[in-house]
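Source file: structure.txt. Holds: compact mmCIF, N, CA and C atoms.
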# COMPACT_ATOMS: atom_id res chain seq x y z
N MET A 25 -43.76 -10.16 0.15
CA MET A 25 -42.62 -10.87 0.71
C MET A 25 -41.33 -10.14 0.30
N PHE A 26 -40.39 -10.01 1.25
CA PHE A 26 -39.12 -9.34 0.99
C PHE A 26 -38.13 -10.30 0.37
N LYS A 27 -37.36 -9.75 -0.53
CA LYS A 27 -36.23 -10.50 -1.06
C LYS A 27 -35.07 -10.30 -0.11
N VAL A 28 -34.13 -11.22 -0.09
CA VAL A 28 -32.98 -11.11 0.80
C VAL A 28 -32.25 -9.81 0.56
N ALA A 29 -32.08 -9.40 -0.69
CA ALA A 29 -31.36 -8.18 -1.01
C ALA A 29 -32.03 -6.95 -0.40
N GLU A 30 -33.34 -6.98 -0.21
CA GLU A 30 -34.05 -5.85 0.38
C GLU A 30 -33.85 -5.78 1.89
N MET A 31 -33.52 -6.88 2.51
CA MET A 31 -33.38 -6.93 3.96
C MET A 31 -31.95 -6.70 4.42
N VAL A 32 -30.99 -6.82 3.54
CA VAL A 32 -29.58 -6.66 3.89
C VAL A 32 -29.18 -5.21 3.70
N PRO A 33 -28.58 -4.58 4.71
CA PRO A 33 -28.18 -3.17 4.57
C PRO A 33 -27.24 -2.96 3.39
N TYR A 34 -27.29 -1.76 2.83
CA TYR A 34 -26.47 -1.40 1.68
C TYR A 34 -24.99 -1.67 1.92
N TRP A 35 -24.49 -1.36 3.12
CA TRP A 35 -23.05 -1.48 3.34
C TRP A 35 -22.57 -2.93 3.26
N ASP A 36 -23.44 -3.91 3.35
CA ASP A 36 -23.00 -5.29 3.19
C ASP A 36 -22.56 -5.57 1.76
N TYR A 37 -23.01 -4.77 0.80
CA TYR A 37 -22.62 -4.95 -0.58
C TYR A 37 -21.47 -4.04 -0.98
N ASN A 38 -21.13 -3.14 -0.12
CA ASN A 38 -20.12 -2.14 -0.42
C ASN A 38 -18.80 -2.56 0.22
N ALA A 39 -17.76 -2.71 -0.56
CA ALA A 39 -16.47 -3.13 -0.04
C ALA A 39 -15.68 -1.92 0.44
N SER A 40 -16.25 -1.19 1.39
CA SER A 40 -15.55 -0.06 1.97
C SER A 40 -16.08 0.19 3.36
N MET A 41 -15.34 0.97 4.13
CA MET A 41 -15.71 1.28 5.51
C MET A 41 -16.36 2.66 5.55
N LYS A 42 -17.31 2.82 6.42
CA LYS A 42 -17.92 4.12 6.66
C LYS A 42 -17.27 4.69 7.91
N VAL A 43 -16.70 5.88 7.81
CA VAL A 43 -16.03 6.52 8.94
C VAL A 43 -17.02 7.49 9.60
N ILE A 44 -17.27 7.27 10.89
CA ILE A 44 -18.19 8.09 11.66
C ILE A 44 -17.40 9.07 12.52
N ALA A 45 -17.87 10.31 12.54
CA ALA A 45 -17.29 11.39 13.34
C ALA A 45 -16.10 12.05 12.64
N VAL A 46 -16.23 12.22 11.33
CA VAL A 46 -15.20 12.92 10.56
C VAL A 46 -15.07 14.36 11.06
N ALA A 47 -16.15 14.93 11.57
CA ALA A 47 -16.11 16.30 12.10
C ALA A 47 -15.09 16.41 13.23
N THR A 48 -14.91 15.34 13.97
CA THR A 48 -13.90 15.33 15.05
C THR A 48 -12.51 15.50 14.46
N LEU A 49 -12.25 14.84 13.34
CA LEU A 49 -10.95 14.99 12.68
C LEU A 49 -10.77 16.42 12.17
N ARG A 50 -11.82 16.98 11.58
CA ARG A 50 -11.75 18.35 11.06
C ARG A 50 -11.47 19.36 12.18
N ARG A 51 -12.17 19.20 13.30
CA ARG A 51 -11.92 20.10 14.44
C ARG A 51 -10.47 20.01 14.90
N PHE A 52 -9.95 18.79 14.93
CA PHE A 52 -8.59 18.61 15.39
C PHE A 52 -7.59 19.28 14.45
N TRP A 53 -7.73 19.04 13.15
CA TRP A 53 -6.75 19.64 12.25
C TRP A 53 -6.95 21.15 12.13
N GLY A 54 -8.10 21.64 12.57
CA GLY A 54 -8.28 23.10 12.63
C GLY A 54 -7.34 23.74 13.63
N SER A 55 -7.03 23.03 14.70
CA SER A 55 -6.10 23.56 15.70
C SER A 55 -4.69 22.97 15.56
N HIS A 56 -4.54 21.96 14.70
CA HIS A 56 -3.23 21.35 14.42
C HIS A 56 -3.12 21.18 12.90
N PRO A 57 -2.87 22.28 12.18
CA PRO A 57 -2.88 22.23 10.71
C PRO A 57 -1.93 21.19 10.10
N ASP A 58 -0.84 20.90 10.78
CA ASP A 58 0.10 19.91 10.23
C ASP A 58 -0.47 18.49 10.26
N ALA A 59 -1.58 18.29 10.95
CA ALA A 59 -2.23 16.98 10.99
C ALA A 59 -3.26 16.80 9.88
N GLU A 60 -3.61 17.88 9.19
CA GLU A 60 -4.69 17.78 8.20
C GLU A 60 -4.40 16.77 7.10
N GLN A 61 -3.29 16.89 6.42
CA GLN A 61 -3.00 15.99 5.30
C GLN A 61 -2.88 14.53 5.75
N PRO A 62 -2.16 14.24 6.85
CA PRO A 62 -2.10 12.84 7.29
C PRO A 62 -3.47 12.28 7.70
N LEU A 63 -4.30 13.10 8.35
CA LEU A 63 -5.63 12.62 8.72
C LEU A 63 -6.53 12.44 7.51
N ARG A 64 -6.43 13.34 6.55
CA ARG A 64 -7.20 13.16 5.30
C ARG A 64 -6.75 11.88 4.59
N ALA A 65 -5.46 11.65 4.56
CA ALA A 65 -4.94 10.45 3.90
C ALA A 65 -5.43 9.19 4.62
N TRP A 66 -5.39 9.20 5.96
CA TRP A 66 -5.90 8.06 6.72
C TRP A 66 -7.38 7.84 6.41
N HIS A 67 -8.16 8.92 6.43
CA HIS A 67 -9.59 8.81 6.16
C HIS A 67 -9.85 8.22 4.78
N ASP A 68 -9.16 8.71 3.77
CA ASP A 68 -9.34 8.20 2.42
C ASP A 68 -9.01 6.72 2.33
N GLU A 69 -7.92 6.31 2.98
CA GLU A 69 -7.52 4.90 2.96
C GLU A 69 -8.53 4.04 3.72
N ALA A 70 -8.96 4.53 4.89
CA ALA A 70 -9.93 3.77 5.69
C ALA A 70 -11.26 3.64 4.95
N ALA A 71 -11.69 4.71 4.30
CA ALA A 71 -12.97 4.69 3.59
C ALA A 71 -12.95 3.71 2.41
N ARG A 72 -11.79 3.46 1.85
CA ARG A 72 -11.66 2.52 0.74
C ARG A 72 -11.36 1.09 1.20
N ALA A 73 -11.04 0.93 2.48
CA ALA A 73 -10.64 -0.38 3.00
C ALA A 73 -11.83 -1.32 3.13
N ASP A 74 -11.52 -2.59 3.28
CA ASP A 74 -12.54 -3.62 3.52
C ASP A 74 -12.05 -4.47 4.68
N TRP A 75 -11.98 -3.86 5.85
CA TRP A 75 -11.46 -4.54 7.03
C TRP A 75 -12.52 -5.47 7.61
N LYS A 76 -12.25 -6.76 7.59
CA LYS A 76 -13.17 -7.75 8.15
C LYS A 76 -12.67 -8.32 9.47
N GLN A 77 -11.40 -8.03 9.77
CA GLN A 77 -10.80 -8.51 11.02
C GLN A 77 -9.54 -7.68 11.30
N PRO A 78 -9.07 -7.71 12.54
CA PRO A 78 -7.89 -6.90 12.89
C PRO A 78 -6.66 -7.18 12.02
N ALA A 79 -6.50 -8.40 11.58
CA ALA A 79 -5.34 -8.73 10.74
C ALA A 79 -5.32 -7.93 9.45
N HIS A 80 -6.49 -7.57 8.94
CA HIS A 80 -6.55 -6.76 7.72
C HIS A 80 -6.00 -5.36 7.97
N ILE A 81 -6.28 -4.82 9.15
CA ILE A 81 -5.73 -3.50 9.49
C ILE A 81 -4.22 -3.59 9.66
N LYS A 82 -3.75 -4.62 10.36
CA LYS A 82 -2.31 -4.78 10.58
C LYS A 82 -1.57 -4.98 9.24
N ALA A 83 -2.20 -5.61 8.28
CA ALA A 83 -1.57 -5.79 6.97
C ALA A 83 -1.39 -4.46 6.26
N GLN A 84 -2.30 -3.53 6.50
CA GLN A 84 -2.25 -2.23 5.85
C GLN A 84 -1.43 -1.23 6.67
N TYR A 85 -1.52 -1.33 7.99
CA TYR A 85 -0.84 -0.40 8.91
C TYR A 85 -0.06 -1.21 9.94
N ARG A 86 1.17 -1.50 9.65
CA ARG A 86 1.97 -2.33 10.56
C ARG A 86 2.16 -1.70 11.93
N SER A 87 2.16 -0.37 12.00
CA SER A 87 2.38 0.29 13.29
C SER A 87 1.09 0.45 14.10
N ALA A 88 -0.05 0.06 13.54
CA ALA A 88 -1.31 0.17 14.27
C ALA A 88 -1.29 -0.80 15.45
N SER A 89 -1.90 -0.36 16.55
CA SER A 89 -2.00 -1.21 17.73
C SER A 89 -3.44 -1.68 17.88
N ILE A 90 -3.62 -2.98 17.96
CA ILE A 90 -4.94 -3.57 18.12
C ILE A 90 -5.19 -3.75 19.62
N LEU A 91 -6.27 -3.16 20.12
CA LEU A 91 -6.61 -3.22 21.53
C LEU A 91 -7.88 -4.02 21.75
N LYS A 92 -8.28 -4.14 23.02
CA LYS A 92 -9.57 -4.76 23.35
C LYS A 92 -10.70 -3.88 22.85
N ASN A 93 -11.92 -4.41 22.92
CA ASN A 93 -13.13 -3.66 22.55
C ASN A 93 -13.11 -3.18 21.11
N ARG A 94 -12.48 -3.93 20.21
CA ARG A 94 -12.42 -3.59 18.79
C ARG A 94 -11.74 -2.25 18.54
N ARG A 95 -10.91 -1.82 19.47
CA ARG A 95 -10.21 -0.53 19.33
C ARG A 95 -8.91 -0.71 18.58
N VAL A 96 -8.57 0.32 17.81
CA VAL A 96 -7.31 0.36 17.08
C VAL A 96 -6.70 1.74 17.25
N VAL A 97 -5.39 1.77 17.49
CA VAL A 97 -4.66 3.03 17.62
C VAL A 97 -3.76 3.18 16.40
N PHE A 98 -3.89 4.32 15.72
CA PHE A 98 -3.07 4.64 14.56
C PHE A 98 -2.11 5.76 14.91
N ASN A 99 -0.88 5.65 14.45
CA ASN A 99 0.10 6.72 14.58
C ASN A 99 -0.09 7.64 13.38
N ILE A 100 -0.25 8.92 13.67
CA ILE A 100 -0.48 9.91 12.61
C ILE A 100 0.68 10.88 12.57
N ARG A 101 1.13 11.19 11.38
CA ARG A 101 2.23 12.12 11.13
C ARG A 101 3.48 11.74 11.92
N GLY A 102 3.96 10.55 11.63
CA GLY A 102 5.19 10.09 12.26
C GLY A 102 5.08 9.94 13.76
N ASN A 103 3.90 9.62 14.25
CA ASN A 103 3.63 9.41 15.67
C ASN A 103 3.54 10.70 16.46
N ASP A 104 3.43 11.85 15.78
CA ASP A 104 3.19 13.11 16.50
C ASP A 104 1.80 13.11 17.11
N TYR A 105 0.86 12.42 16.43
CA TYR A 105 -0.53 12.38 16.85
C TYR A 105 -1.00 10.94 16.91
N ARG A 106 -2.05 10.73 17.69
CA ARG A 106 -2.64 9.40 17.81
C ARG A 106 -4.12 9.47 17.48
N LEU A 107 -4.60 8.47 16.80
CA LEU A 107 -6.00 8.35 16.43
C LEU A 107 -6.50 7.01 16.95
N ILE A 108 -7.58 7.05 17.73
CA ILE A 108 -8.18 5.82 18.24
C ILE A 108 -9.55 5.67 17.60
N VAL A 109 -9.80 4.49 17.07
CA VAL A 109 -11.10 4.19 16.47
C VAL A 109 -11.61 2.87 17.04
N ALA A 110 -12.91 2.69 16.96
CA ALA A 110 -13.54 1.40 17.23
C ALA A 110 -14.07 0.91 15.88
N VAL A 111 -13.83 -0.35 15.60
CA VAL A 111 -14.21 -0.89 14.30
C VAL A 111 -15.32 -1.92 14.47
N ALA A 112 -16.42 -1.71 13.77
CA ALA A 112 -17.51 -2.68 13.70
C ALA A 112 -17.29 -3.46 12.40
N TYR A 113 -16.54 -4.52 12.48
CA TYR A 113 -16.10 -5.25 11.30
C TYR A 113 -17.28 -5.80 10.49
N LYS A 114 -18.28 -6.34 11.16
CA LYS A 114 -19.38 -6.99 10.45
C LYS A 114 -20.19 -6.02 9.59
N ILE A 115 -20.33 -4.78 10.04
CA ILE A 115 -21.13 -3.82 9.27
C ILE A 115 -20.28 -2.79 8.53
N GLY A 116 -18.96 -2.85 8.70
CA GLY A 116 -18.07 -1.97 7.95
C GLY A 116 -18.09 -0.53 8.39
N VAL A 117 -18.07 -0.30 9.71
CA VAL A 117 -18.10 1.06 10.23
C VAL A 117 -16.91 1.28 11.16
N VAL A 118 -16.29 2.45 11.01
CA VAL A 118 -15.18 2.87 11.86
C VAL A 118 -15.64 4.11 12.63
N TYR A 119 -15.59 4.04 13.96
CA TYR A 119 -16.02 5.15 14.81
C TYR A 119 -14.80 5.83 15.41
N VAL A 120 -14.62 7.11 15.12
CA VAL A 120 -13.52 7.87 15.70
C VAL A 120 -13.83 8.08 17.18
N LYS A 121 -12.90 7.67 18.03
CA LYS A 121 -13.09 7.80 19.48
C LYS A 121 -12.19 8.87 20.10
N PHE A 122 -11.05 9.12 19.46
CA PHE A 122 -10.08 10.08 20.00
C PHE A 122 -9.09 10.45 18.92
N VAL A 123 -8.72 11.70 18.89
CA VAL A 123 -7.58 12.14 18.10
C VAL A 123 -6.89 13.21 18.93
N GLY A 124 -5.58 13.08 19.08
CA GLY A 124 -4.86 14.03 19.92
C GLY A 124 -3.37 13.90 19.76
N THR A 125 -2.68 14.74 20.50
CA THR A 125 -1.22 14.68 20.49
C THR A 125 -0.76 13.44 21.24
N HIS A 126 0.48 13.12 21.07
CA HIS A 126 1.03 11.96 21.79
C HIS A 126 0.92 12.18 23.29
N ALA A 127 1.17 13.40 23.75
CA ALA A 127 1.06 13.71 25.18
C ALA A 127 -0.37 13.56 25.68
N GLN A 128 -1.35 14.00 24.89
CA GLN A 128 -2.76 13.83 25.27
C GLN A 128 -3.14 12.35 25.32
N TYR A 129 -2.62 11.60 24.39
CA TYR A 129 -2.88 10.17 24.36
C TYR A 129 -2.38 9.49 25.63
N ASP A 130 -1.23 9.94 26.12
CA ASP A 130 -0.66 9.35 27.33
C ASP A 130 -1.54 9.58 28.55
N GLU A 131 -2.46 10.54 28.48
CA GLU A 131 -3.30 10.88 29.62
C GLU A 131 -4.66 10.15 29.62
N ILE A 132 -4.96 9.37 28.59
CA ILE A 132 -6.28 8.75 28.49
C ILE A 132 -6.16 7.22 28.50
N ASP A 133 -7.29 6.55 28.65
CA ASP A 133 -7.35 5.10 28.53
C ASP A 133 -7.88 4.78 27.14
N ALA A 134 -7.01 4.29 26.29
CA ALA A 134 -7.37 4.06 24.88
C ALA A 134 -8.48 3.04 24.72
N GLU A 135 -8.67 2.17 25.69
CA GLU A 135 -9.70 1.12 25.57
C GLU A 135 -11.10 1.61 25.94
N THR A 136 -11.19 2.78 26.58
CA THR A 136 -12.51 3.25 27.01
C THR A 136 -12.83 4.69 26.59
N VAL A 137 -11.88 5.42 26.06
CA VAL A 137 -12.08 6.83 25.73
C VAL A 137 -13.23 6.98 24.73
N GLU A 138 -13.99 8.04 24.91
CA GLU A 138 -15.08 8.39 24.00
C GLU A 138 -14.92 9.86 23.60
N ILE A 139 -15.49 10.22 22.48
CA ILE A 139 -15.47 11.62 22.04
C ILE A 139 -16.26 12.45 23.04
N GLU A 140 -15.71 13.60 23.39
CA GLU A 140 -16.40 14.48 24.34
C GLU A 140 -17.36 15.39 23.64

Whole structure given in structure tokens:
Amino acid sequence: MFKVAEMVPYWDYNASMKVIAVATLRRFWGSHPDAEQPLRAWHDEAARADWKQPAHIKAQYRSASILKNRRVVFNIRGNDYRLIVAVAYKIGVVYVKFVGTHAQYDEIDAETVEIE
């Protein structure tokens, strides 16, 4: 017979978020070196966060925009760049969906964009 602790995924006990698709961030800052430090800082903060609902993100990032489909838009490096993620609050996972310049962001639909 299984104990409850054996059936519950590890991340339910971990008060932090798992960021998926960090390689996407690395590729981006490879071509936009001035974005590296702000993206690393965002990643470090997100990985230590315990976001259970959109209000938790807004408390930490007042300029973040909460969209439909659990999407959140973050302004990176003084709004030079935009980062879109989807947040699975119940399991503590953040999925990178887009990172780009402000001009590139203006060309996409933030609620449906996926990594290419």

Neighbours of point (-12.4, 2.2, 16.0) within 7 Å, using only N, CA and C atoms, written as a PyMOL selection string | chain A and resi 94-96+108-112+117-121

Leaving out region 68-84 of chain A and any residue of its chain fewer than 2 positions from it, which residues lie within 6 Å of it when counting only C-alpha atoms, given as a PyMOL selection string?
-> chain A and resi 39-42+65-66+86+113

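Of note, atom C of Ile100 (chain A) and atom N of Gly116 (chain A) are spaced 24.3 Å apart.
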
Quick one: pull the distance between CA of Ile90 (chain A) and atom C of Ala134 (chain A), Å, one decimal.
->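 Atom C of Ala134 (chain A) lies 10.0 Å from CA of Ile90 (chain A).
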
Between CA of Glu131 (chain A) and atom N of Val46 (chain A), measure the distance and give it in Å to one decimal.
->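 CA of Glu131 (chain A) sits 22.4 Å away from atom N of Val46 (chain A).
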
Write down as a PyMOL selection string the residues of chain A whose backbone DSSP state falls under helix (DSSP H, G or I).
-> chain A and resi 28-31+34-36+46-55+57-72+78-84+126-130

Deliver the residues from the most recent selection as a file, using N, CA and C atoms, as a compact mmCIF listing (two decimals), in the frame of the given file.
# COMPACT_ATOMS: atom_id res chain seq x y z
N VAL A 28 -34.13 -11.22 -0.09
CA VAL A 28 -32.98 -11.11 0.80
C VAL A 28 -32.25 -9.81 0.56
N ALA A 29 -32.08 -9.40 -0.69
CA ALA A 29 -31.36 -8.18 -1.01
C ALA A 29 -32.03 -6.95 -0.40
N GLU A 30 -33.34 -6.98 -0.21
CA GLU A 30 -34.05 -5.85 0.38
C GLU A 30 -33.85 -5.78 1.89
N MET A 31 -33.52 -6.88 2.51
CA MET A 31 -33.38 -6.93 3.96
C MET A 31 -31.95 -6.70 4.42
N TYR A 34 -27.29 -1.76 2.83
CA TYR A 34 -26.47 -1.40 1.68
C TYR A 34 -24.99 -1.67 1.92
N TRP A 35 -24.49 -1.36 3.12
CA TRP A 35 -23.05 -1.48 3.34
C TRP A 35 -22.57 -2.93 3.26
N ASP A 36 -23.44 -3.91 3.35
CA ASP A 36 -23.00 -5.29 3.19
C ASP A 36 -22.56 -5.57 1.76
N VAL A 46 -16.23 12.22 11.33
CA VAL A 46 -15.20 12.92 10.56
C VAL A 46 -15.07 14.36 11.06
N ALA A 47 -16.15 14.93 11.57
CA ALA A 47 -16.11 16.30 12.10
C ALA A 47 -15.09 16.41 13.23
N THR A 48 -14.91 15.34 13.97
CA THR A 48 -13.90 15.33 15.05
C THR A 48 -12.51 15.50 14.46
N LEU A 49 -12.25 14.84 13.34
CA LEU A 49 -10.95 14.99 12.68
C LEU A 49 -10.77 16.42 12.17
N ARG A 50 -11.82 16.98 11.58
CA ARG A 50 -11.75 18.35 11.06
C ARG A 50 -11.47 19.36 12.18
N ARG A 51 -12.17 19.20 13.30
CA ARG A 51 -11.92 20.10 14.44
C ARG A 51 -10.47 20.01 14.90
N PHE A 52 -9.95 18.79 14.93
CA PHE A 52 -8.59 18.61 15.39
C PHE A 52 -7.59 19.28 14.45
N TRP A 53 -7.73 19.04 13.15
CA TRP A 53 -6.75 19.64 12.25
C TRP A 53 -6.95 21.15 12.13
N GLY A 54 -8.10 21.64 12.57
CA GLY A 54 -8.28 23.10 12.63
C GLY A 54 -7.34 23.74 13.63
N SER A 55 -7.03 23.03 14.70
CA SER A 55 -6.10 23.56 15.70
C SER A 55 -4.69 22.97 15.56
N PRO A 57 -2.87 22.28 12.18
CA PRO A 57 -2.88 22.23 10.71
C PRO A 57 -1.93 21.19 10.10
N ASP A 58 -0.84 20.90 10.78
CA ASP A 58 0.10 19.91 10.23
C ASP A 58 -0.47 18.49 10.26
N ALA A 59 -1.58 18.29 10.95
CA ALA A 59 -2.23 16.98 10.99
C ALA A 59 -3.26 16.80 9.88
N GLU A 60 -3.61 17.88 9.19
CA GLU A 60 -4.69 17.78 8.20
C GLU A 60 -4.40 16.77 7.10
N GLN A 61 -3.29 16.89 6.42
CA GLN A 61 -3.00 15.99 5.30
C GLN A 61 -2.88 14.53 5.75
N PRO A 62 -2.16 14.24 6.85
CA PRO A 62 -2.10 12.84 7.29
C PRO A 62 -3.47 12.28 7.70
N LEU A 63 -4.30 13.10 8.35
CA LEU A 63 -5.63 12.62 8.72
C LEU A 63 -6.53 12.44 7.51
N ARG A 64 -6.43 13.34 6.55
CA ARG A 64 -7.20 13.16 5.30
C ARG A 64 -6.75 11.88 4.59
N ALA A 65 -5.46 11.65 4.56
CA ALA A 65 -4.94 10.45 3.90
C ALA A 65 -5.43 9.19 4.62
N TRP A 66 -5.39 9.20 5.96
CA TRP A 66 -5.90 8.06 6.72
C TRP A 66 -7.38 7.84 6.41
N HIS A 67 -8.16 8.92 6.43
CA HIS A 67 -9.59 8.81 6.16
C HIS A 67 -9.85 8.22 4.78
N ASP A 68 -9.16 8.71 3.77
CA ASP A 68 -9.34 8.20 2.42
C ASP A 68 -9.01 6.72 2.33
N GLU A 69 -7.92 6.31 2.98
CA GLU A 69 -7.52 4.90 2.96
C GLU A 69 -8.53 4.04 3.72
N ALA A 70 -8.96 4.53 4.89
CA ALA A 70 -9.93 3.77 5.69
C ALA A 70 -11.26 3.64 4.95
N ALA A 71 -11.69 4.71 4.30
CA ALA A 71 -12.97 4.69 3.59
C ALA A 71 -12.95 3.71 2.41
N ARG A 72 -11.79 3.46 1.85
CA ARG A 72 -11.66 2.52 0.74
C ARG A 72 -11.36 1.09 1.20
N PRO A 78 -9.07 -7.71 12.54
CA PRO A 78 -7.89 -6.90 12.89
C PRO A 78 -6.66 -7.18 12.02
N ALA A 79 -6.50 -8.40 11.58
CA ALA A 79 -5.34 -8.73 10.74
C ALA A 79 -5.32 -7.93 9.45
N HIS A 80 -6.49 -7.57 8.94
CA HIS A 80 -6.55 -6.76 7.72
C HIS A 80 -6.00 -5.36 7.97
N ILE A 81 -6.28 -4.82 9.15
CA ILE A 81 -5.73 -3.50 9.49
C ILE A 81 -4.22 -3.59 9.66
N LYS A 82 -3.75 -4.62 10.36
CA LYS A 82 -2.31 -4.78 10.58
C LYS A 82 -1.57 -4.98 9.24
N ALA A 83 -2.20 -5.61 8.28
CA ALA A 83 -1.57 -5.79 6.97
C ALA A 83 -1.39 -4.46 6.26
N GLN A 84 -2.30 -3.53 6.50
CA GLN A 84 -2.25 -2.23 5.85
C GLN A 84 -1.43 -1.23 6.67
N HIS A 126 0.48 13.12 21.07
CA HIS A 126 1.03 11.96 21.79
C HIS A 126 0.92 12.18 23.29
N ALA A 127 1.17 13.40 23.75
CA ALA A 127 1.06 13.71 25.18
C ALA A 127 -0.37 13.56 25.68
N GLN A 128 -1.35 14.00 24.89
CA GLN A 128 -2.76 13.83 25.27
C GLN A 128 -3.14 12.35 25.32
N TYR A 129 -2.62 11.60 24.39
CA TYR A 129 -2.88 10.17 24.36
C TYR A 129 -2.38 9.49 25.63
N ASP A 130 -1.23 9.94 26.12
CA ASP A 130 -0.66 9.35 27.33
C ASP A 130 -1.54 9.58 28.55

Any chance you could list, as a JSON list (two decimals) with N, CA and C atoms, in the frame of the given file, the residues in region 83-139 of chain A that come up strand (DSSP E or B) when DSSP is run on the backbone?
[["chain", "number", "residue", "atom", "x", "y", "z"],
["A", 89, "SER", "N", -1.90, -0.36, 16.55],
["A", 89, "SER", "CA", -2.00, -1.21, 17.73],
["A", 89, "SER", "C", -3.44, -1.68, 17.88],
["A", 90, "ILE", "N", -3.62, -2.98, 17.96],
["A", 90, "ILE", "CA", -4.94, -3.57, 18.12],
["A", 90, "ILE", "C", -5.19, -3.75, 19.62],
["A", 95, "ARG", "N", -10.91, -1.82, 19.47],
["A", 95, "ARG", "CA", -10.21, -0.53, 19.33],
["A", 95, "ARG", "C", -8.91, -0.71, 18.58],
["A", 96, "VAL", "N", -8.57, 0.32, 17.81],
["A", 96, "VAL", "CA", -7.31, 0.36, 17.08],
["A", 96, "VAL", "C", -6.70, 1.74, 17.25],
["A", 97, "VAL", "N", -5.39, 1.77, 17.49],
["A", 97, "VAL", "CA", -4.66, 3.03, 17.62],
["A", 97, "VAL", "C", -3.76, 3.18, 16.40],
["A", 98, "PHE", "N", -3.89, 4.32, 15.72],
["A", 98, "PHE", "CA", -3.07, 4.64, 14.56],
["A", 98, "PHE", "C", -2.11, 5.76, 14.91],
["A", 99, "ASN", "N", -0.88, 5.65, 14.45],
["A", 99, "ASN", "CA", 0.10, 6.72, 14.58],
["A", 99, "ASN", "C", -0.09, 7.64, 13.38],
["A", 100, "ILE", "N", -0.25, 8.92, 13.67],
["A", 100, "ILE", "CA", -0.48, 9.91, 12.61],
["A", 100, "ILE", "C", 0.68, 10.88, 12.57],
["A", 105, "TYR", "N", 0.86, 12.42, 16.43],
["A", 105, "TYR", "CA", -0.53, 12.38, 16.85],
["A", 105, "TYR", "C", -1.00, 10.94, 16.91],
["A", 106, "ARG", "N", -2.05, 10.73, 17.69],
["A", 106, "ARG", "CA", -2.64, 9.40, 17.81],
["A", 106, "ARG", "C", -4.12, 9.47, 17.48],
["A", 107, "LEU", "N", -4.60, 8.47, 16.80],
["A", 107, "LEU", "CA", -6.00, 8.35, 16.43],
["A", 107, "LEU", "C", -6.50, 7.01, 16.95],
["A", 108, "ILE", "N", -7.58, 7.05, 17.73],
["A", 108, "ILE", "CA", -8.18, 5.82, 18.24],
["A", 108, "ILE", "C", -9.55, 5.67, 17.60],
["A", 109, "VAL", "N", -9.80, 4.49, 17.07],
["A", 109, "VAL", "CA", -11.10, 4.19, 16.47],
["A", 109, "VAL", "C", -11.61, 2.87, 17.04],
["A", 110, "ALA", "N", -12.91, 2.69, 16.96],
["A", 110, "ALA", "CA", -13.54, 1.40, 17.23],
["A", 110, "ALA", "C", -14.07, 0.91, 15.88],
["A", 111, "VAL", "N", -13.83, -0.35, 15.60],
["A", 111, "VAL", "CA", -14.21, -0.89, 14.30],
["A", 111, "VAL", "C", -15.32, -1.92, 14.47],
["A", 112, "ALA", "N", -16.42, -1.71, 13.77],
["A", 112, "ALA", "CA", -17.51, -2.68, 13.70],
["A", 112, "ALA", "C", -17.29, -3.46, 12.40],
["A", 117, "VAL", "N", -18.07, -0.30, 9.71],
["A", 117, "VAL", "CA", -18.10, 1.06, 10.23],
["A", 117, "VAL", "C", -16.91, 1.28, 11.16],
["A", 118, "VAL", "N", -16.29, 2.45, 11.01],
["A", 118, "VAL", "CA", -15.18, 2.87, 11.86],
["A", 118, "VAL", "C", -15.64, 4.11, 12.63],
["A", 119, "TYR", "N", -15.59, 4.04, 13.96],
["A", 119, "TYR", "CA", -16.02, 5.15, 14.81],
["A", 119, "TYR", "C", -14.80, 5.83, 15.41],
["A", 120, "VAL", "N", -14.62, 7.11, 15.12],
["A", 120, "VAL", "CA", -13.52, 7.87, 15.70],
["A", 120, "VAL", "C", -13.83, 8.08, 17.18],
["A", 121, "LYS", "N", -12.90, 7.67, 18.03],
["A", 121, "LYS", "CA", -13.09, 7.80, 19.48],
["A", 121, "LYS", "C", -12.19, 8.87, 20.10],
["A", 122, "PHE", "N", -11.05, 9.12, 19.46],
["A", 122, "PHE", "CA", -10.08, 10.08, 20.00],
["A", 122, "PHE", "C", -9.09, 10.45, 18.92],
["A", 123, "VAL", "N", -8.72, 11.70, 18.89],
["A", 123, "VAL", "CA", -7.58, 12.14, 18.10],
["A", 123, "VAL", "C", -6.89, 13.21, 18.93],
["A", 124, "GLY", "N", -5.58, 13.08, 19.08],
["A", 124, "GLY", "CA", -4.86, 14.03, 19.92],
["A", 124, "GLY", "C", -3.37, 13.90, 19.76],
["A", 125, "THR", "N", -2.68, 14.74, 20.50],
["A", 125, "THR", "CA", -1.22, 14.68, 20.49],
["A", 125, "THR", "C", -0.76, 13.44, 21.24]]

Taking all atoms listed in the file into account, which of A:Ala88, A:Val43, A:Arg101, A:Glu138 comes nearest Asp58 (chain A)?
-> A:Arg101

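Considering only C-alpha atoms, the residue among A:Glu140, A:Tyr105, A:Ile132, A:Lys114 positioned nearest to Trp53 (chain A) is A:Tyr105.
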
Residues near Gly124 (chain A), cut-off 8 Å, all atoms listed in the file, skip fewer than 2 positions along chain, as a ChimeraX atom specification | /A:52,104-108,121-122,126-130
